[in-house]
Amino acid sequence: MEVSGAGEKEWWKSSWSYEISVVELSGLVSLLGGIPEVGFVGRSNVGKSSLINGLLGGKYARTSRTPGRTQALNFFRGRDVRVVDMPGYGYAVAPKSESSRWQKLVRGYLRGRRELREVCLLVDSRFGLKEGDREMMGLMDEGGVGYRVVLTKSDKLRGYGFEERKRLTEEELKKHTAARPEVLGGSALKGRGFEELREKIGQVL
């Protein structure tokens with residue numbers, strides 16, 4: 001089966017570089033269109049930046065021990081694809097004005113970005129889906145944005161614990177129209193799950 005752009009070309013094997021950070025929706029206008037994008041979003045401290053770096057095979061997204069450091073849409077450019085590191089949510093210490101601005105930015109991006117092929121919704125496998133995750137899922141359902149749930153830090157749950165978390169999550173996803181039915185697992189610490197996630201992303205590019 002032929003797929004467009006990066007799908008057949010091992011899209012992650014590219015010379016990646018930071019492109020731009022967008023803090024207002026008007027900033028998206030400056031980006032060259034027609035290049036497929038994959039977004040990554042999740043609660044603060046879910047391990048988003050570490051997973052992106054592991055997926056791309058380098059240190060591109062900024063990692064921090066302090067939750068809530070990603071405050072913009074950060075675009076990374078490969079040969080035929082962009083990866084977007086989106087602001088985290090659910091960080092109670094962030095000022096309300098800042099949190100509101102991030103939410104507006106993310107909502108606007110999800111609703112109006114035709115280049116966006118898929119969003120990877122990262123969920124901490126130790127805790128499962130939380131209210132903020134469900135709100136994000138509802139937003140993507142409403143906007144018709146296809147998304148895939150990835151359970152991060154899978155090394156923290158051993159054996160049956162992870163499989164049960166995956167089963168429960170997949171059961172809940174049946175209620176959501178834009179969700180991919182299969183839940184994936186990943187561990188940036190152990191380097192697990194990257195190949196399968198790369199393959200799944202390649203199928204939608």
# chains A, B, ... in the order shown; residues from 1 in each chain; ligands from 1
>>> select_by_dssp(residues="stretch 98-154 of chain A", states="strand (DSSP E or B)", output="PyMOL selection string")
chain A and resi 116-124+147-152
>>> residues_around(residues="A:Arg107", least_positions_apart="3", cutoff="10 Å", atoms="only C-alpha atoms", output="number ranges by chain")
A: 25, 101-104, 110-112, 136, 139-140, 143
>>> closest_residue(among="A:Tyr147, A:Tyr109, A:Phe127, A:Phe194", to="A:Glu24", atoms="only C-alpha atoms")
A:Tyr109
>>> atom_distance(atom1="atom CA of A:Glu163", atom2="atom CA of A:Gly54")
22.5 Å
>>> residues_around(residues="A:Arg180", least_positions_apart="6", cutoff="9 Å", atoms="only C-alpha atoms", output="PyMOL selection string")
chain A and resi 146-149+173-174
>>> write_last_selection(atoms="C-alpha atoms", output="short mmCIF file (atom, residue, chain, number, x, y, z; two decimals), in the first residue's frame")
data_model
loop_
_atom_site.label_atom_id
_atom_site.label_comp_id
_atom_site.auth_asym_id
_atom_site.auth_seq_id
_atom_site.Cartn_x
_atom_site.Cartn_y
_atom_site.Cartn_z
CA GLY A 146 -7.78 11.46 15.05
CA TYR A 147 -5.84 10.59 18.16
CA ARG A 148 -4.00 7.67 19.68
CA VAL A 149 -3.56 7.04 23.40
CA LEU A 173 -12.04 4.65 24.11
CA LYS A 174 -14.98 2.85 22.55
#
>>> closest_residue(among="A:Asp85, A:Pro181, A:Arg198, A:Gly90", to="A:Glu131", atoms="only C-alpha atoms")
A:Gly90
>>> closest_residue(among="A:Tyr89, A:Leu32, A:Thr177, A:Leu73", to="A:Gly132", atoms="only C-alpha atoms")
A:Tyr89
>>> residues_around(residues="A:Cys120", least_positions_apart="5", cutoff="10 Å", atoms="only C-alpha atoms", output="PyMOL selection string")
chain A and resi 38-42+48+146-151+179-180+184+197+201
>>> residues_around(residues="A:Ser17", least_positions_apart="5", cutoff="12 Å", atoms="only C-alpha atoms", output="PDB file with all heavy atoms, in the first residue's frame")
ATOM      1  N   TRP A  12      11.023   9.020  10.900  1.00  0.00           N
ATOM      2  CA  TRP A  12      11.796   9.498  12.048  1.00  0.00           C
ATOM      3  C   TRP A  12      13.289   9.564  11.746  1.00  0.00           C
ATOM      4  O   TRP A  12      14.033  10.231  12.457  1.00  0.00           O
ATOM      5  CB  TRP A  12      11.555   8.584  13.253  1.00  0.00           C
ATOM      6  CG  TRP A  12      12.087   7.182  13.072  1.00  0.00           C
ATOM      7  CD1 TRP A  12      13.317   6.715  13.440  1.00  0.00           C
ATOM      8  CD2 TRP A  12      11.421   6.090  12.426  1.00  0.00           C
ATOM      9  NE1 TRP A  12      13.455   5.406  13.093  1.00  0.00           N
ATOM     10  CE2 TRP A  12      12.303   4.989  12.461  1.00  0.00           C
ATOM     11  CE3 TRP A  12      10.181   5.933  11.832  1.00  0.00           C
ATOM     12  CZ2 TRP A  12      11.963   3.754  11.909  1.00  0.00           C
ATOM     13  CZ3 TRP A  12       9.840   4.704  11.295  1.00  0.00           C
ATOM     14  CH2 TRP A  12      10.725   3.632  11.335  1.00  0.00           C
ATOM     15  N   ASN A  53      11.799  12.802  22.346  1.00  0.00           N
ATOM     16  CA  ASN A  53      13.233  12.669  22.092  1.00  0.00           C
ATOM     17  C   ASN A  53      13.617  11.229  21.788  1.00  0.00           C
ATOM     18  O   ASN A  53      14.422  10.958  20.891  1.00  0.00           O
ATOM     19  CB  ASN A  53      14.025  13.176  23.291  1.00  0.00           C
ATOM     20  CG  ASN A  53      13.976  14.690  23.420  1.00  0.00           C
ATOM     21  OD1 ASN A  53      13.754  15.402  22.443  1.00  0.00           O
ATOM     22  ND2 ASN A  53      14.154  15.198  24.629  1.00  0.00           N
ATOM     23  N   LEU A  56      12.390  10.285  18.214  1.00  0.00           N
ATOM     24  CA  LEU A  56      13.167  10.880  17.131  1.00  0.00           C
ATOM     25  C   LEU A  56      14.655  10.533  17.198  1.00  0.00           C
ATOM     26  O   LEU A  56      15.390  10.780  16.244  1.00  0.00           O
ATOM     27  CB  LEU A  56      13.005  12.405  17.137  1.00  0.00           C
ATOM     28  CG  LEU A  56      11.574  12.933  17.023  1.00  0.00           C
ATOM     29  CD1 LEU A  56      11.588  14.458  16.958  1.00  0.00           C
ATOM     30  CD2 LEU A  56      10.865  12.342  15.818  1.00  0.00           C
ATOM     31  N   GLY A  57      15.074   9.983  18.326  1.00  0.00           N
ATOM     32  CA  GLY A  57      16.466   9.564  18.447  1.00  0.00           C
ATOM     33  C   GLY A  57      17.439  10.690  18.703  1.00  0.00           C
ATOM     34  O   GLY A  57      18.564  10.676  18.211  1.00  0.00           O
ATOM     35  N   GLY A  58      17.035  11.684  19.471  1.00  0.00           N
ATOM     36  CA  GLY A  58      17.928  12.798  19.787  1.00  0.00           C
ATOM     37  C   GLY A  58      17.320  13.681  20.861  1.00  0.00           C
ATOM     38  O   GLY A  58      16.213  13.437  21.334  1.00  0.00           O
ATOM     39  N   LYS A  59      18.045  14.725  21.241  1.00  0.00           N
ATOM     40  CA  LYS A  59      17.547  15.649  22.259  1.00  0.00           C
ATOM     41  C   LYS A  59      17.030  16.906  21.570  1.00  0.00           C
ATOM     42  O   LYS A  59      17.790  17.836  21.295  1.00  0.00           O
ATOM     43  CB  LYS A  59      18.666  15.981  23.263  1.00  0.00           C
ATOM     44  CG  LYS A  59      19.092  14.777  24.085  1.00  0.00           C
ATOM     45  CD  LYS A  59      20.137  15.154  25.127  1.00  0.00           C
ATOM     46  CE  LYS A  59      20.525  13.949  25.975  1.00  0.00           C
ATOM     47  NZ  LYS A  59      21.549  14.282  27.000  1.00  0.00           N
ATOM     48  N   TYR A  60      15.739  16.901  21.312  1.00  0.00           N
ATOM     49  CA  TYR A  60      15.100  18.014  20.607  1.00  0.00           C
ATOM     50  C   TYR A  60      14.126  18.752  21.515  1.00  0.00           C
ATOM     51  O   TYR A  60      14.225  19.960  21.687  1.00  0.00           O
ATOM     52  CB  TYR A  60      14.383  17.497  19.357  1.00  0.00           C
ATOM     53  CG  TYR A  60      15.296  16.757  18.420  1.00  0.00           C
ATOM     54  CD1 TYR A  60      15.296  15.361  18.370  1.00  0.00           C
ATOM     55  CD2 TYR A  60      16.194  17.438  17.609  1.00  0.00           C
ATOM     56  CE1 TYR A  60      16.152  14.668  17.522  1.00  0.00           C
ATOM     57  CE2 TYR A  60      17.051  16.762  16.766  1.00  0.00           C
ATOM     58  CZ  TYR A  60      17.032  15.373  16.726  1.00  0.00           C
ATOM     59  OH  TYR A  60      17.877  14.693  15.897  1.00  0.00           O
ATOM     60  N   ALA A  61      13.168  18.029  22.072  1.00  0.00           N
ATOM     61  CA  ALA A  61      12.205  18.630  22.991  1.00  0.00           C
ATOM     62  C   ALA A  61      12.870  18.837  24.348  1.00  0.00           C
ATOM     63  O   ALA A  61      13.609  17.980  24.826  1.00  0.00           O
ATOM     64  CB  ALA A  61      10.968  17.746  23.132  1.00  0.00           C
ATOM     65  N   ASN A  74       5.583  23.893  20.175  1.00  0.00           N
ATOM     66  CA  ASN A  74       6.965  23.822  19.701  1.00  0.00           C
ATOM     67  C   ASN A  74       7.045  22.886  18.502  1.00  0.00           C
ATOM     68  O   ASN A  74       6.729  21.700  18.612  1.00  0.00           O
ATOM     69  CB  ASN A  74       7.881  23.328  20.827  1.00  0.00           C
ATOM     70  CG  ASN A  74       7.955  24.328  21.968  1.00  0.00           C
ATOM     71  OD1 ASN A  74       8.069  25.528  21.745  1.00  0.00           O
ATOM     72  ND2 ASN A  74       7.866  23.848  23.197  1.00  0.00           N
ATOM     73  N   PHE A  75       7.467  23.429  17.365  1.00  0.00           N
ATOM     74  CA  PHE A  75       7.509  22.680  16.113  1.00  0.00           C
ATOM     75  C   PHE A  75       8.935  22.223  15.820  1.00  0.00           C
ATOM     76  O   PHE A  75       9.885  23.019  15.879  1.00  0.00           O
ATOM     77  CB  PHE A  75       7.020  23.556  14.952  1.00  0.00           C
ATOM     78  CG  PHE A  75       5.539  23.800  14.963  1.00  0.00           C
ATOM     79  CD1 PHE A  75       4.986  24.721  15.837  1.00  0.00           C
ATOM     80  CD2 PHE A  75       4.694  23.108  14.102  1.00  0.00           C
ATOM     81  CE1 PHE A  75       3.616  24.959  15.852  1.00  0.00           C
ATOM     82  CE2 PHE A  75       3.330  23.338  14.108  1.00  0.00           C
ATOM     83  CZ  PHE A  75       2.793  24.257  14.981  1.00  0.00           C
ATOM     84  N   PHE A  76       9.058  20.933  15.485  1.00  0.00           N
ATOM     85  CA  PHE A  76      10.331  20.351  15.084  1.00  0.00           C
ATOM     86  C   PHE A  76      10.169  19.819  13.668  1.00  0.00           C
ATOM     87  O   PHE A  76       9.205  19.104  13.364  1.00  0.00           O
ATOM     88  CB  PHE A  76      10.750  19.251  16.060  1.00  0.00           C
ATOM     89  CG  PHE A  76      10.903  19.748  17.462  1.00  0.00           C
ATOM     90  CD1 PHE A  76       9.837  19.697  18.355  1.00  0.00           C
ATOM     91  CD2 PHE A  76      12.097  20.295  17.894  1.00  0.00           C
ATOM     92  CE1 PHE A  76       9.950  20.176  19.657  1.00  0.00           C
ATOM     93  CE2 PHE A  76      12.233  20.778  19.199  1.00  0.00           C
ATOM     94  CZ  PHE A  76      11.157  20.726  20.076  1.00  0.00           C
ATOM     95  N   ARG A  77      11.117  20.144  12.816  1.00  0.00           N
ATOM     96  CA  ARG A  77      10.971  19.848  11.396  1.00  0.00           C
ATOM     97  C   ARG A  77      11.931  18.740  10.972  1.00  0.00           C
ATOM     98  O   ARG A  77      13.135  18.796  11.224  1.00  0.00           O
ATOM     99  CB  ARG A  77      11.266  21.123  10.575  1.00  0.00           C
ATOM    100  CG  ARG A  77      11.266  20.955   9.080  1.00  0.00           C
ATOM    101  CD  ARG A  77       9.862  20.832   8.507  1.00  0.00           C
ATOM    102  NE  ARG A  77       9.925  20.610   7.076  1.00  0.00           N
ATOM    103  CZ  ARG A  77       9.932  21.592   6.175  1.00  0.00           C
ATOM    104  NH1 ARG A  77       9.887  22.860   6.563  1.00  0.00           N
ATOM    105  NH2 ARG A  77       9.984  21.321   4.877  1.00  0.00           N
ATOM    106  N   GLY A  78      11.347  17.720  10.350  1.00  0.00           N
ATOM    107  CA  GLY A  78      12.142  16.693   9.687  1.00  0.00           C
ATOM    108  C   GLY A  78      12.109  16.938   8.197  1.00  0.00           C
ATOM    109  O   GLY A  78      11.782  18.027   7.736  1.00  0.00           O
ATOM    110  N   ARG A  79      12.416  15.932   7.426  1.00  0.00           N
ATOM    111  CA  ARG A  79      12.451  16.099   5.972  1.00  0.00           C
ATOM    112  C   ARG A  79      11.048  16.323   5.405  1.00  0.00           C
ATOM    113  O   ARG A  79      10.809  17.238   4.632  1.00  0.00           O
ATOM    114  CB  ARG A  79      13.093  14.865   5.324  1.00  0.00           C
ATOM    115  CG  ARG A  79      13.212  14.950   3.809  1.00  0.00           C
ATOM    116  CD  ARG A  79      13.888  13.703   3.244  1.00  0.00           C
ATOM    117  NE  ARG A  79      13.168  12.484   3.623  1.00  0.00           N
ATOM    118  CZ  ARG A  79      13.634  11.562   4.462  1.00  0.00           C
ATOM    119  NH1 ARG A  79      14.817  11.722   5.014  1.00  0.00           N
ATOM    120  NH2 ARG A  79      12.942  10.476   4.757  1.00  0.00           N
ATOM    121  N   VAL A  81       7.998  15.948   7.462  1.00  0.00           N
ATOM    122  CA  VAL A  81       7.003  15.903   8.537  1.00  0.00           C
ATOM    123  C   VAL A  81       7.414  16.859   9.657  1.00  0.00           C
ATOM    124  O   VAL A  81       8.601  17.158   9.830  1.00  0.00           O
ATOM    125  CB  VAL A  81       6.859  14.458   9.072  1.00  0.00           C
ATOM    126  CG1 VAL A  81       8.152  13.971   9.694  1.00  0.00           C
ATOM    127  CG2 VAL A  81       5.712  14.343  10.073  1.00  0.00           C
ATOM    128  N   ARG A  82       6.420  17.327  10.392  1.00  0.00           N
ATOM    129  CA  ARG A  82       6.673  18.110  11.599  1.00  0.00           C
ATOM    130  C   ARG A  82       6.146  17.355  12.805  1.00  0.00           C
ATOM    131  O   ARG A  82       5.100  16.711  12.745  1.00  0.00           O
ATOM    132  CB  ARG A  82       5.958  19.464  11.545  1.00  0.00           C
ATOM    133  CG  ARG A  82       6.573  20.487  10.604  1.00  0.00           C
ATOM    134  CD  ARG A  82       5.876  21.830  10.807  1.00  0.00           C
ATOM    135  NE  ARG A  82       6.464  22.873   9.974  1.00  0.00           N
ATOM    136  CZ  ARG A  82       5.888  23.361   8.880  1.00  0.00           C
ATOM    137  NH1 ARG A  82       4.707  22.900   8.484  1.00  0.00           N
ATOM    138  NH2 ARG A  82       6.482  24.299   8.178  1.00  0.00           N
ATOM    139  N   VAL A  83       6.854  17.467  13.912  1.00  0.00           N
ATOM    140  CA  VAL A  83       6.401  16.981  15.209  1.00  0.00           C
ATOM    141  C   VAL A  83       6.125  18.205  16.071  1.00  0.00           C
ATOM    142  O   VAL A  83       6.930  19.150  16.105  1.00  0.00           O
ATOM    143  CB  VAL A  83       7.459  16.070  15.861  1.00  0.00           C
ATOM    144  CG1 VAL A  83       7.213  15.925  17.353  1.00  0.00           C
ATOM    145  CG2 VAL A  83       7.450  14.698  15.190  1.00  0.00           C
ATOM    146  N   VAL A  84       4.978  18.193  16.749  1.00  0.00           N
ATOM    147  CA  VAL A  84       4.563  19.354  17.543  1.00  0.00           C
ATOM    148  C   VAL A  84       4.457  18.949  19.014  1.00  0.00           C
ATOM    149  O   VAL A  84       3.657  18.083  19.375  1.00  0.00           O
ATOM    150  CB  VAL A  84       3.209  19.900  17.047  1.00  0.00           C
ATOM    151  CG1 VAL A  84       2.888  21.208  17.770  1.00  0.00           C
ATOM    152  CG2 VAL A  84       3.226  20.117  15.538  1.00  0.00           C
TER     153      VAL A  84
END
>>> select_by_dssp(residues="stretch 108-161 of chain A", states="alpha helix (DSSP H)", output="list in words")
Gly108, Tyr109, Leu110, Arg111, Gly112, Glu131, Gly132, Asp133, Arg134, Glu135, Met136, Met137, Gly138, Leu139, Met140, Asp141, Glu142, Gly143, Tyr160 and Gly161 of chain A
>>> write_last_selection(atoms="all heavy atoms", output="compact mmCIF listing (two decimals), in the first residue's frame")
# COMPACT_ATOMS: atom_id res chain seq x y z
N GLY A 108 -7.42 26.06 19.67
CA GLY A 108 -7.41 26.66 18.34
C GLY A 108 -6.60 25.84 17.35
O GLY A 108 -7.00 25.67 16.19
N TYR A 109 -5.48 25.32 17.81
CA TYR A 109 -4.64 24.50 16.94
C TYR A 109 -5.36 23.22 16.54
O TYR A 109 -5.38 22.83 15.37
CB TYR A 109 -3.33 24.18 17.65
CG TYR A 109 -2.45 23.20 16.90
CD1 TYR A 109 -1.82 23.57 15.71
CD2 TYR A 109 -2.24 21.91 17.38
CE1 TYR A 109 -1.01 22.69 15.01
CE2 TYR A 109 -1.43 21.03 16.69
CZ TYR A 109 -0.83 21.42 15.51
OH TYR A 109 -0.04 20.52 14.82
N LEU A 110 -5.98 22.56 17.49
CA LEU A 110 -6.65 21.29 17.22
C LEU A 110 -7.84 21.47 16.28
O LEU A 110 -8.15 20.59 15.47
CB LEU A 110 -7.11 20.65 18.53
CG LEU A 110 -6.01 20.11 19.44
CD1 LEU A 110 -6.62 19.63 20.75
CD2 LEU A 110 -5.24 18.99 18.77
N ARG A 111 -8.51 22.59 16.39
CA ARG A 111 -9.73 22.79 15.60
C ARG A 111 -9.46 23.29 14.19
O ARG A 111 -10.29 23.10 13.30
CB ARG A 111 -10.65 23.78 16.32
CG ARG A 111 -11.34 23.18 17.53
CD ARG A 111 -12.16 24.21 18.26
NE ARG A 111 -12.98 23.62 19.29
CZ ARG A 111 -13.65 24.31 20.20
NH1 ARG A 111 -13.58 25.62 20.21
NH2 ARG A 111 -14.38 23.69 21.11
N GLY A 112 -8.33 23.93 13.97
CA GLY A 112 -8.17 24.59 12.68
C GLY A 112 -6.91 24.26 11.90
O GLY A 112 -6.53 25.02 11.01
N GLU A 131 -9.47 13.48 34.43
CA GLU A 131 -10.46 14.40 33.89
C GLU A 131 -9.90 15.27 32.77
O GLU A 131 -10.56 15.51 31.76
CB GLU A 131 -11.02 15.28 35.02
CG GLU A 131 -12.24 16.07 34.61
CD GLU A 131 -13.38 15.19 34.12
OE1 GLU A 131 -13.54 14.07 34.65
OE2 GLU A 131 -14.09 15.63 33.19
N GLY A 132 -8.68 15.76 32.95
CA GLY A 132 -8.07 16.58 31.91
C GLY A 132 -7.89 15.82 30.61
O GLY A 132 -8.07 16.38 29.52
N ASP A 133 -7.54 14.55 30.71
CA ASP A 133 -7.40 13.71 29.51
C ASP A 133 -8.75 13.55 28.82
O ASP A 133 -8.85 13.62 27.59
CB ASP A 133 -6.86 12.33 29.88
CG ASP A 133 -5.53 12.39 30.61
OD1 ASP A 133 -4.66 13.15 30.16
OD2 ASP A 133 -5.38 11.68 31.62
N ARG A 134 -9.79 13.35 29.61
CA ARG A 134 -11.13 13.16 29.04
C ARG A 134 -11.62 14.44 28.37
O ARG A 134 -12.29 14.40 27.34
CB ARG A 134 -12.09 12.69 30.12
CG ARG A 134 -11.75 11.30 30.67
CD ARG A 134 -12.76 10.82 31.69
NE ARG A 134 -12.45 9.44 32.09
CZ ARG A 134 -11.79 9.13 33.21
NH1 ARG A 134 -11.37 10.10 34.02
NH2 ARG A 134 -11.54 7.87 33.50
N GLU A 135 -11.28 15.58 28.94
CA GLU A 135 -11.65 16.85 28.32
C GLU A 135 -10.94 17.01 26.97
O GLU A 135 -11.54 17.45 25.99
CB GLU A 135 -11.29 18.01 29.24
CG GLU A 135 -12.16 18.11 30.47
CD GLU A 135 -11.75 19.24 31.38
OE1 GLU A 135 -10.86 20.04 30.98
OE2 GLU A 135 -12.29 19.35 32.50
N MET A 136 -9.67 16.64 26.93
CA MET A 136 -8.92 16.71 25.69
C MET A 136 -9.49 15.75 24.65
O MET A 136 -9.62 16.09 23.46
CB MET A 136 -7.44 16.39 25.96
CG MET A 136 -6.55 16.49 24.72
SD MET A 136 -6.50 18.13 23.98
CE MET A 136 -5.75 19.08 25.33
N MET A 137 -9.86 14.57 25.07
CA MET A 137 -10.47 13.59 24.16
C MET A 137 -11.78 14.12 23.59
O MET A 137 -12.07 13.98 22.39
CB MET A 137 -10.68 12.27 24.89
CG MET A 137 -9.38 11.54 25.22
SD MET A 137 -9.53 10.32 26.55
CE MET A 137 -10.62 9.12 25.82
N GLY A 138 -12.58 14.76 24.45
CA GLY A 138 -13.83 15.33 23.98
C GLY A 138 -13.62 16.42 22.97
O GLY A 138 -14.35 16.53 21.97
N LEU A 139 -12.59 17.24 23.20
CA LEU A 139 -12.26 18.31 22.26
C LEU A 139 -11.86 17.75 20.90
O LEU A 139 -12.29 18.26 19.84
CB LEU A 139 -11.12 19.16 22.83
CG LEU A 139 -10.61 20.31 21.97
CD1 LEU A 139 -11.70 21.33 21.74
CD2 LEU A 139 -9.40 20.96 22.62
N MET A 140 -11.06 16.69 20.90
CA MET A 140 -10.62 16.10 19.64
C MET A 140 -11.76 15.35 18.95
O MET A 140 -11.85 15.35 17.72
CB MET A 140 -9.40 15.21 19.88
CG MET A 140 -8.17 16.01 20.27
SD MET A 140 -6.62 15.07 20.35
CE MET A 140 -6.85 14.17 21.90
N ASP A 141 -12.63 14.73 19.73
CA ASP A 141 -13.82 14.12 19.14
C ASP A 141 -14.65 15.18 18.42
O ASP A 141 -15.11 14.98 17.29
CB ASP A 141 -14.69 13.47 20.23
CG ASP A 141 -14.08 12.20 20.81
OD1 ASP A 141 -13.26 11.57 20.12
OD2 ASP A 141 -14.43 11.85 21.94
N GLU A 142 -14.84 16.30 19.10
CA GLU A 142 -15.65 17.39 18.55
C GLU A 142 -15.04 17.95 17.27
O GLU A 142 -15.76 18.27 16.32
CB GLU A 142 -15.77 18.50 19.60
CG GLU A 142 -16.58 19.70 19.16
CD GLU A 142 -16.58 20.80 20.22
OE1 GLU A 142 -16.47 20.47 21.41
OE2 GLU A 142 -16.70 21.97 19.83
N GLY A 143 -13.71 18.06 17.25
CA GLY A 143 -13.04 18.62 16.08
C GLY A 143 -12.71 17.59 15.00
O GLY A 143 -12.19 17.95 13.95
N TYR A 160 0.80 -7.98 34.68
CA TYR A 160 -0.64 -7.85 34.47
C TYR A 160 -1.13 -6.43 34.73
O TYR A 160 -2.14 -6.00 34.17
CB TYR A 160 -1.38 -8.83 35.37
CG TYR A 160 -2.87 -8.83 35.15
CD1 TYR A 160 -3.42 -9.35 33.99
CD2 TYR A 160 -3.72 -8.28 36.12
CE1 TYR A 160 -4.79 -9.33 33.79
CE2 TYR A 160 -5.08 -8.27 35.93
CZ TYR A 160 -5.62 -8.79 34.77
OH TYR A 160 -6.97 -8.77 34.57
N GLY A 161 -0.43 -5.68 35.57
CA GLY A 161 -0.86 -4.32 35.89
C GLY A 161 -0.97 -3.45 34.66
O GLY A 161 -1.95 -2.72 34.49
>>> closest_residue(among="A:Glu118, A:Gly88, A:Gly33, A:Val22", to="A:Gly202", atoms="only C-alpha atoms")
A:Glu118
